[in-house]
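Here's the structure, in structure tokens; my notes come after.
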Amino acid sequence: MNPQLLWLIPILPFSGFLINGLAGRNFPRAVVSALALTATLLPALLVSKLWMVMTATGGPPEIFLSSVPWIAVSGFHVNFAFTVDHLTLVMLGVVTGVGFLIHVYSVGYMAHEEGYWRFFAYLNLFMFFMLMLVLASSFLLLFVGWEGVGLASYLLIGFYFKKDSAANAGKKAFIVNRIGDFGFLLAMFLLVAHYGTLNFSTIFATIAASPLSGGFLTAVALLLVLGAAGKSAQIPLYVWLPDAMEGPTPVSALIHAATMVTAGVYMIARCHVLFDHSPLALTVVAVTGALTALFAATMGMVQHDIKRVLAYSTVSQLGYMFLACGVGAYSAGIFHLMTHAFFKDLLFLSAGSVIHALSGEQDMRFMGGLWKKIPITFWTMTAATFAISGVWPFSGFFSKDEILFQTFQSPNPLAKLLWLVGLVTAGMTSFYMFRLWFKTFFGESRFEHSSFAQASHGNNHASAHGNGIHESPLVMTLPLMVLGVLSLAGGWVGIPAALGGNDVIGHFLDPVFHGAAVPAAAPAVAAAAHGLEISLAAISLATAALGIFVAWLFYHRKPGTGAKLARRFQPIYSLAYHKYWIDEIYGSFVVAPLLAFSRLILAGLVDGGVIQGTGAGLAASARGSSWLVRHMQSGKIRSYAGWLAAGAAAVIVLALFLR
Amino acid sequence: MNFDPIILTLILATPLAGAILLALIPEQEGFDKGGESIDSKRHAAGALVVTLLTLLLTLHLPAHFNYHASPHTFQFEQNLSWISNPAIRYHLGVDGLSMWLIVLAGFLAPMGVLASWNAVQRRTRLFYSLFLLQQVAMLGIFMALDLFLYYGFWELSLVPMALLIATFGRTENRRRAAIKFFLYAFIPSAILLVAILWLYNLTGTFDLPTLQALAGAHHIAASPTALLLCSIAFLVAFAVKVPIFPLHGWLQDAVTEAPTAAVMVLAGKLGLYSILRFSFGIFADQSRHMAPLLIALGAAGIAYGSLIALIRTDLKKLAAFSTLAHVSFVVLGIFTFTVLGMDGGIFQILNESLIGAAFFLLLGLLYERYGTYEMRDYGGLASRHPWMATMFVITSLAAVGLPMLNGFVGEFLILSGTMQSIVVHHVLWTTLGATGVIFGAGYMLWMIQRVFYGSPGVRTQEVQGWDLCSREHLELWPFAALFLIMGIASPLWMRAIDTYGAPTATEIAPSGAPPSAQITEQIHSTPAVADSALARNSHIPHLTDARQEVR
């Protein structure tokens with residue numbers, strides 16, 4: 001394969017964006033979708049070809065491709081250059097594969113929407129930036145993708161821009177991400193100042209060869225963590241993600257579950273050399289991840305909006321990936337990133353299918369009994385629910401288990417505590433997911449009480465599909481089925497030796513994270529570790545089962561128990577339901593004081609008072625001096641003589657002191 | 001035929017001749033679409049022809065620029081004796097600093113004419129004559145290498161602008177705004193004149209290259225204090241014109257009042273160019289002494305401008321403070337005296353001018369339709385004006401420094417340069433400057449949302465607007481294309497800029513402690529070595545040692 005073909009991988013979606021963006025409003029829908037789908041399918045095919053080339057025996061472990069300079073001044077230059085190693089391959093596979101499936105799904109989901117062309121243009125734009133992000137060979141080029149996906153996310157969250165809530169959510173996402181980017185930028189400035197370059201290979205080689213004092217690397221790493229926390233919705237910057245659900249559901253699936261939000265995890269994994277030299281930064285990553293996982297899960301347990309449950313679940317799962325990176329188990333983090341892309345994507349798309357079937361209803365209180373009516377959606381969603389809950393042998397079991405195992409045996413002093421938090425979160429995860437599952441698909445149908453049910457009667461949309469609740473068309477269910485298979489089997493590439501597999505993905509990523517081959521552990525140690533791994537797996541399976549049982553008890557066996565408990569523990573429930581009032585706290589303790597400061601102090605006192613006052617003083621003094629000058633021209637010889645003397649004195653003084 | 005020796009004079013003469021010609025042609029009665037009596041388009045069309053011709057002529061410069069000329073030399077020079085005593089020469093010339101600025105001035109002029117096409121309907125003869133005169137002054141400032149000649153152009157730039165504001169301003173407040181603008185600019189300019197004459201008295205020359213050589217060899221016979229005072233006189237005159245925080249008192253009123261075409265060229269480039277050319281050229285040591293203050297003011301200006309823009313609901317006032325924030329980036333960059341900061345700063349002058357011009361143009365289009373700059377009266381325009389919304393979004397993204405658009409390259413280099421510099425508290429100033437990244441996104445996106453998203457506002461319900469017409473498309477697409485091309489292919493511009501920026505930064509940069517720029521310079525100069533990590537390691541200890549010494 002000609003390496004120059006790599007350029008096509010991002011350029012094709014970009015062309016799709018340009019064509020659809022500039023002229024799409026005049027195209028028929030079929031042309032728009034054909035263009036957009038081709039612009040995603042071809043990169044996917046190129047990636048599979050690339051995959052074959054690189055994994056063939058004797059294939060290159062890394063491809064580096066450089067081109068024209070992007071920024072070039074004396075002493076500093078950044079080229080458009082790509083690096084492909086095994087980590088990039090995994091990401092490329094996830095992004096193009098899942099991306100293409102979502103493009104297909106969107107053809108059905110968005111069929112009735114206004115601005116169809118705009119949607120696909122933005123989606124292609126997103127693909128372009130995401131591919132830039134994973135292909136980048138320098139921090140700066142990664143940042144291009146990093147900011148770019150944020151832009152695409154802003155545009156797509158605000159897709160229904162007539163709705164204030166959507167426009168707000170888009171803006172909020174962009175600005176909160178900017179806070180993270182602020183950290184990312186500062187990290188880059190520090191790197192430029194110290195290394196004079198932003199290329200991954202040179203910086204990491206330099207660090208590996210002679211690490212600077214830990215303080216500098218820790219500062220850089222912590223600033224990068226801030227960036228990652230923004231993009232991957234971790235504490236304290238997670239607040240934008242739940243609101244981002246205002247976007248169309250395929251967007252939530254692609255951007256806010258499978259790909260963009262995992263960019264932070266990818267970035268940390270990419271910079272593992274840097275993080276490995278800063279135990280403090282790693283601990284911060286691990287603790288942030290564990291806390292976010294737990295915290296988001298508590299909020300996910302009480303939401304009524306089906307997409308919001310999934311949003312908190314995404315935040316929580318991203319926390320797991322952070323935890324994995326934080327304990328140095330980057331492969332496990334990337335593995336979970338991959339399986340999560342499959343099952344979370346599927347969850348969102350199935351939820352979208354449910355919403356589609358219910359003419360736009362998202363509140364689970366008005367769902368129920370849907371399993372017979374939309375069977376394909378039901379079965380695929382079931383696969384995903386089992387996967388995320390970590391039930392053997394679904395994909396999520398293997399990746400989550402790997403993370404918990406690696407956390408447990410990591411040398412970090414907090415390891416056992418972090419493991420416990422991860423375990424509790426796993427139980428909560430299976431609880432809230434099965435709560436969603438039972439409420440949506442079982443029990444009595446409550447849709448007749450929904451405002452959307454009334455609205456859908458006589459509506460063209462509903463009558464086009466026959467009456468009432470309907471299964472989605474094949475163009476939507478086909479991606480569901482593919483993802484269903486992946487949610488089941490996608491984890492089998494990571495079956496650990498303890499369970500009779502050989503951890504294909506771990507070994508696949510070894511060249512990236514460990515350089516040379518890792519020496520095999522002594523058999524006795526390995527056997528002990530296997531024993532530990534199996535017992536931990538059993539514990540987490542039991543926890544998942546407990547979560548499922550409680551959900552079954554509350555929402556199926558005795559429906560209404562949940563509501564009763566909510567009333568019983570009103571304060572706690574309310575706290576979690578209102579997201580711990582974090583948005584309000586940020587609003588009144590950060591945003592409002594800042595605006596008040598600008599309004600009262602800066603605009604009022606400084607600009608209105610001092611600076612405009614000086615201007616007014618200037619004008620007054622001009623008037624005053626004109627008065628003075630007028631009076632100097634008095635016509636009296638005596639006063640002229642006086643002025644002359646004063647002037648001469650001034651000139652002498654100046655001449656004496658300034659020479 | 002070789003145009004090189006006279007090309008600059010041609011560039012100057014074209015708009016000047018145009019201004020005179022337009023002043024001689026009387027206005028003609030015409031009618032707008034509604035049948036109202038307005039001036040005919042003959043002056044607008046004439047100005048368009050003249051400015052397009054000027055633009056074409058300016059393009060000669062990048063086409064024939066010699067990138068391998070030695071530092072501190074000028075190209076396309078024309079050096080004629082004008083007055084023998086005092087020795088005033090008609091000396092024009094171009095180097096990597098001014099070349100793209102001249103092209104920029106050439107580009108903005110036809111855009112300004114297009115922007116005024118329907119906005120100015122009365123007294124078109126006066127308007128376009130003044131507008132072209134203003135362009136002559138601007139081009140002259142970028143070309144003049146004789147201090148006296150330069151000062152003539154500098155003063156000339158004030159008068160047409162003040163008259164444009166006073167005559168074609170939007171509200172009754174226009175006179176006051178014009179007087180304020182004039183006073184702010186004129187008083188420091190008078191002091192600048194005194195300083196120029198004082199220098200002449202000492203050295204017997206107004207010629208910039210000569211003065212630069214004298215200053216470089218420390219052959220100007222004056223006490224350090226006197227030189228410092230003289231450099232301050234220069235700097236203050238330029239700083240007011242930029243404006244540098246906190247000397248921006250005139251900006252908001254002038255921006256609010258000035259017609260679109262005037263506001264497009266109001267702030268930024270003239271003052272910033274003059275600092276680079278004269279303050280840095282003649283007063284290198286003094287500029288280095290004052291750098292910590294100016295860096296602090298630059299960083300503060302970024303945060304200050306952005307924070308106030310965040311609370312403004314008048315679109316023009318918002319734009320005024322956003323301008324302040326953007327020019328502050330340039331100030332921050334150039335005073336770091338690092339190659340990155342200097343090159344990035346100069347590149348950012350181009351970006352800031354283009355982005356600001358596009359932004360003001362768009363605001364003008366909104367005003368033409370709805371007659372207000374109050375954001376709260378707008379809302380929900382995106383579905384009515386999809387193309388206008390698109391252009392607003394593109395311009396805003398360039399302004400907030402989205403990578404792949406031009407603003408990012410400048411801001412990134414500037415802040416990297418600040419971090420590299422060894423000025424005291426450089427980490428603090430970098431951080432403060434970088435907050436502009438957050439607040440900038442805040443006010444721009446807030447603006448977009450209030451004007452274009454959500455439900456229709458009061459004013460937009462009353463008045464029926466229309467999306468961009470073909471003339472407006474013609475105005476805006478060149479900007480959008482430039483944002484993208486300059487964001488992706490910045491070396492096209494940077495190559496010329498670097499021929500000025502790199503030597504200047506290296507010479508002025510504090511000696512003694514080696515700034516990181518020099519170290520990276522070593523790396524860069526040997527690309528083969530640059531790729532080996534070993535070679536780099538040998539430099540890094542020096543670097544860290546140097547930094548510790550400085551602290």
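Letters for chains follow the order of the structure tokens (A, B, ...), residue numbers begin at 1 for each chain, and ligand numbers begin at 1 in the order shown.
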
For Tyr273 in chain B, find every residue with an atom within 8 Å (counting only C-alpha atoms), except residues of its own chain fewer than 5 positions away, and show them as a VMD selection string.
chain B and resid 97 to 98 142

For range 497-514 of chain A: contacts at 9 Å, only C-alpha atoms, fewer than 2 positions along chain excluded, given as number ranges by chain
A: 61, 85-87, 90, 269-270, 272-273, 330-332, 334-335, 492-495, 516-518, 526-527, 529-531, 533-534

Should the cut-off be 6 Å, what would the residue list for chain A against chain B look like, counting only C-alpha atoms, as a PyMOL selection string?
chain A and resi 70-72+75+144+161-164+178-179+189+193+196+206+598+603+611-612+658-659

Name the residues of range 42-123 of chain A that fall into strand (DSSP E) according to DSSP on the backbone, using the chain letters and numbers of this document, as a list in words.
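Answer for range 42-123 of chain A, restricted to strand (DSSP E): Ile63, Phe64, Leu65, Ser66, Ser67, Val68, Pro69, Trp70, Ile71, Ala72, Val73, Phe76, His77, Val78, Asn79, Phe80, Ala81, Phe82, Thr83 and Val84 of chain A.
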
Just-selected residues, C-alpha atoms written as a PDB file, in the first residue's frame:
```
ATOM      1  CA  ILE A  63       4.415   4.237   9.625  1.00  0.00           C
ATOM      2  CA  PHE A  64       5.524   7.838   9.656  1.00  0.00           C
ATOM      3  CA  LEU A  65       4.440  10.190   6.942  1.00  0.00           C
ATOM      4  CA  SER A  66       5.417  13.815   6.735  1.00  0.00           C
ATOM      5  CA  SER A  67       4.480  16.547   4.353  1.00  0.00           C
ATOM      6  CA  VAL A  68       4.488  20.292   3.929  1.00  0.00           C
ATOM      7  CA  PRO A  69       5.077  22.530   6.949  1.00  0.00           C
ATOM      8  CA  TRP A  70       2.067  23.960   8.675  1.00  0.00           C
ATOM      9  CA  ILE A  71       3.880  26.466  10.858  1.00  0.00           C
ATOM     10  CA  ALA A  72       7.489  27.366  10.177  1.00  0.00           C
ATOM     11  CA  VAL A  73       9.497  30.091  11.848  1.00  0.00           C
ATOM     12  CA  PHE A  76      10.322  26.032  15.375  1.00  0.00           C
ATOM     13  CA  HIS A  77       8.318  24.171  12.846  1.00  0.00           C
ATOM     14  CA  VAL A  78       5.405  21.807  12.735  1.00  0.00           C
ATOM     15  CA  ASN A  79       4.649  19.724   9.687  1.00  0.00           C
ATOM     16  CA  PHE A  80       1.520  18.028   8.589  1.00  0.00           C
ATOM     17  CA  ALA A  81       2.714  14.599   9.607  1.00  0.00           C
ATOM     18  CA  PHE A  82       0.971  11.386  10.579  1.00  0.00           C
ATOM     19  CA  THR A  83       2.114   8.437  12.615  1.00  0.00           C
ATOM     20  CA  VAL A  84       0.386   5.091  12.527  1.00  0.00           C
TER      21      VAL A  84
END
```

Name the residues in contact with range 416-425 of chain A at a cut-off of 7 Å, using only C-alpha atoms, excluding same-chain residues fewer than 6 positions from it; report them as a PyMOL selection string.
chain A and resi 290+293-294+297+404+407-408+540

For the alpha helix (DSSP H) assignment from backbone DSSP, which residues of range 328-387 of chain B qualify? Please present them as a PyMOL selection string.
chain B and resi 328-334+339-370+386-387

Write the residues you've just listed into a file as a short mmCIF file (atom, residue, chain, number, x, y, z; two decimals), in the first residue's frame, and include N, CA and C atoms for each of them.
```cif
data_model
loop_
_atom_site.label_atom_id
_atom_site.label_comp_id
_atom_site.auth_asym_id
_atom_site.auth_seq_id
_atom_site.Cartn_x
_atom_site.Cartn_y
_atom_site.Cartn_z
N SER B 328 -3.99 43.26 21.84
CA SER B 328 -3.15 43.00 23.00
C SER B 328 -2.32 41.74 22.81
N PHE B 329 -2.88 40.77 22.09
CA PHE B 329 -2.10 39.56 21.77
C PHE B 329 -0.83 39.95 21.03
N VAL B 330 -0.99 40.86 20.05
CA VAL B 330 0.18 41.25 19.27
C VAL B 330 1.21 41.94 20.15
N VAL B 331 0.73 42.85 21.02
CA VAL B 331 1.63 43.55 21.91
C VAL B 331 2.41 42.55 22.76
N LEU B 332 1.67 41.61 23.31
CA LEU B 332 2.31 40.59 24.14
C LEU B 332 3.39 39.86 23.34
N GLY B 333 3.07 39.49 22.13
CA GLY B 333 4.00 38.69 21.33
C GLY B 333 5.25 39.44 20.97
N ILE B 334 5.11 40.64 20.44
CA ILE B 334 6.30 41.31 19.91
C ILE B 334 7.24 41.73 21.02
N VAL B 339 11.71 34.71 18.80
CA VAL B 339 11.37 34.58 17.39
C VAL B 339 9.90 34.20 17.24
N LEU B 340 9.45 33.29 18.11
CA LEU B 340 8.06 32.85 18.01
C LEU B 340 7.09 33.99 18.27
N GLY B 341 7.39 34.73 19.34
CA GLY B 341 6.49 35.82 19.69
C GLY B 341 6.48 36.90 18.62
N MET B 342 7.66 37.22 18.10
CA MET B 342 7.77 38.29 17.12
C MET B 342 7.07 37.89 15.82
N ASP B 343 7.42 36.73 15.29
CA ASP B 343 6.80 36.28 14.04
C ASP B 343 5.30 36.09 14.22
N GLY B 344 4.94 35.45 15.34
CA GLY B 344 3.51 35.23 15.59
C GLY B 344 2.78 36.55 15.74
N GLY B 345 3.43 37.52 16.40
CA GLY B 345 2.79 38.81 16.59
C GLY B 345 2.55 39.52 15.27
N ILE B 346 3.56 39.48 14.39
CA ILE B 346 3.39 40.17 13.11
C ILE B 346 2.32 39.46 12.28
N PHE B 347 2.36 38.14 12.29
CA PHE B 347 1.33 37.39 11.57
C PHE B 347 -0.05 37.72 12.14
N GLN B 348 -0.09 37.90 13.45
CA GLN B 348 -1.37 38.18 14.10
C GLN B 348 -1.89 39.57 13.73
N ILE B 349 -0.99 40.50 13.36
CA ILE B 349 -1.49 41.80 12.90
C ILE B 349 -2.36 41.58 11.66
N LEU B 350 -1.86 40.74 10.76
CA LEU B 350 -2.64 40.44 9.56
C LEU B 350 -3.96 39.77 9.94
N ASN B 351 -3.86 38.77 10.82
CA ASN B 351 -5.07 38.04 11.21
C ASN B 351 -6.09 38.94 11.86
N GLU B 352 -5.58 39.71 12.80
CA GLU B 352 -6.49 40.57 13.58
C GLU B 352 -7.19 41.55 12.64
N SER B 353 -6.44 42.11 11.69
CA SER B 353 -7.05 43.07 10.77
C SER B 353 -8.12 42.40 9.92
N LEU B 354 -7.79 41.22 9.41
CA LEU B 354 -8.75 40.54 8.54
C LEU B 354 -9.98 40.09 9.32
N ILE B 355 -9.74 39.50 10.48
CA ILE B 355 -10.88 38.99 11.25
C ILE B 355 -11.74 40.16 11.73
N GLY B 356 -11.06 41.20 12.22
CA GLY B 356 -11.81 42.37 12.68
C GLY B 356 -12.61 42.98 11.54
N ALA B 357 -11.97 43.11 10.37
CA ALA B 357 -12.66 43.71 9.23
C ALA B 357 -13.88 42.89 8.85
N ALA B 358 -13.71 41.57 8.80
CA ALA B 358 -14.85 40.72 8.44
C ALA B 358 -15.97 40.85 9.47
N PHE B 359 -15.57 40.92 10.73
CA PHE B 359 -16.56 41.02 11.79
C PHE B 359 -17.34 42.33 11.68
N PHE B 360 -16.61 43.45 11.46
CA PHE B 360 -17.30 44.73 11.35
C PHE B 360 -18.18 44.77 10.10
N LEU B 361 -17.69 44.14 9.04
CA LEU B 361 -18.48 44.06 7.82
C LEU B 361 -19.82 43.37 8.10
N LEU B 362 -19.72 42.25 8.80
CA LEU B 362 -20.93 41.49 9.10
C LEU B 362 -21.87 42.29 9.99
N LEU B 363 -21.29 42.98 10.97
CA LEU B 363 -22.14 43.81 11.83
C LEU B 363 -22.84 44.88 11.00
N GLY B 364 -22.09 45.43 10.04
CA GLY B 364 -22.68 46.44 9.17
C GLY B 364 -23.86 45.88 8.39
N LEU B 365 -23.72 44.65 7.92
CA LEU B 365 -24.82 44.03 7.16
C LEU B 365 -26.05 43.86 8.05
N LEU B 366 -25.81 43.45 9.29
CA LEU B 366 -26.95 43.32 10.21
C LEU B 366 -27.62 44.67 10.41
N TYR B 367 -26.79 45.71 10.58
CA TYR B 367 -27.33 47.03 10.85
C TYR B 367 -28.12 47.56 9.65
N GLU B 368 -27.61 47.30 8.45
CA GLU B 368 -28.34 47.73 7.26
C GLU B 368 -29.75 47.13 7.23
N ARG B 369 -29.87 45.92 7.73
CA ARG B 369 -31.18 45.26 7.67
C ARG B 369 -32.08 45.66 8.81
N TYR B 370 -31.51 45.73 10.03
CA TYR B 370 -32.38 45.87 11.19
C TYR B 370 -32.19 47.17 11.95
N PRO B 386 -29.37 31.91 6.51
CA PRO B 386 -28.39 30.83 6.75
C PRO B 386 -26.97 31.19 6.32
N TRP B 387 -26.83 31.90 5.20
CA TRP B 387 -25.47 32.20 4.74
C TRP B 387 -24.81 33.21 5.66
#
```

Compile the contact shell of range 37-46 of chain A as a tab-separated table (two decimals) with N, CA and C atoms, in the first residue's frame: residues with an atom at most 6 Å away, counting only C-alpha atoms, same-chain residues fewer than 5 positions apart removed.
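Output saved as result-v1.tsv:
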```tsv
chain	number	residue	atom	x	y	z
A	9	ILE	N	-7.34	9.33	4.12
A	9	ILE	CA	-8.21	8.95	5.23
A	9	ILE	C	-8.89	10.17	5.84
A	12	LEU	N	-10.85	12.60	2.63
A	12	LEU	CA	-12.14	12.22	2.04
A	12	LEU	C	-13.33	12.76	2.83
A	13	PRO	N	-13.36	12.55	4.15
A	13	PRO	CA	-14.49	13.14	4.87
A	13	PRO	C	-14.51	14.66	4.77
A	16	GLY	N	-16.16	15.54	1.70
A	16	GLY	CA	-17.59	15.34	1.88
A	16	GLY	C	-18.22	16.54	2.58
A	96	THR	N	-13.49	4.75	12.21
A	96	THR	CA	-14.08	4.61	10.88
A	96	THR	C	-15.20	3.57	10.88
A	100	PHE	N	-18.88	4.78	10.32
A	100	PHE	CA	-19.65	4.42	9.13
A	100	PHE	C	-21.01	3.86	9.50
```

Quick one: pull the distance between CA of Ser389 in chain A and CA of Ser313 in chain A, Å, one decimal.
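Distance between the two atoms: 10.7 Å.
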
Write out as a count of residues only each polymer residue whose atoms come within 9 Å of Phe17 in chain A, counting only C-alpha atoms; drop sequence neighbours fewer than 5 positions from it.
13

Interatomic distance, CA of Ala208 in chain A to CA of Ser137 in chain A (Å, one decimal)
17.3 Å

To one decimal place in Å, what is the distance between CA of Leu131 in chain A and CA of Ser353 in chain A?
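So the answer is 27.3 Å.
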
Nearby residues (only C-alpha atoms) at most 8 Å from range 256-271 of chain B, same-chain spacing under 5 positions excluded, as a count of residues only
43
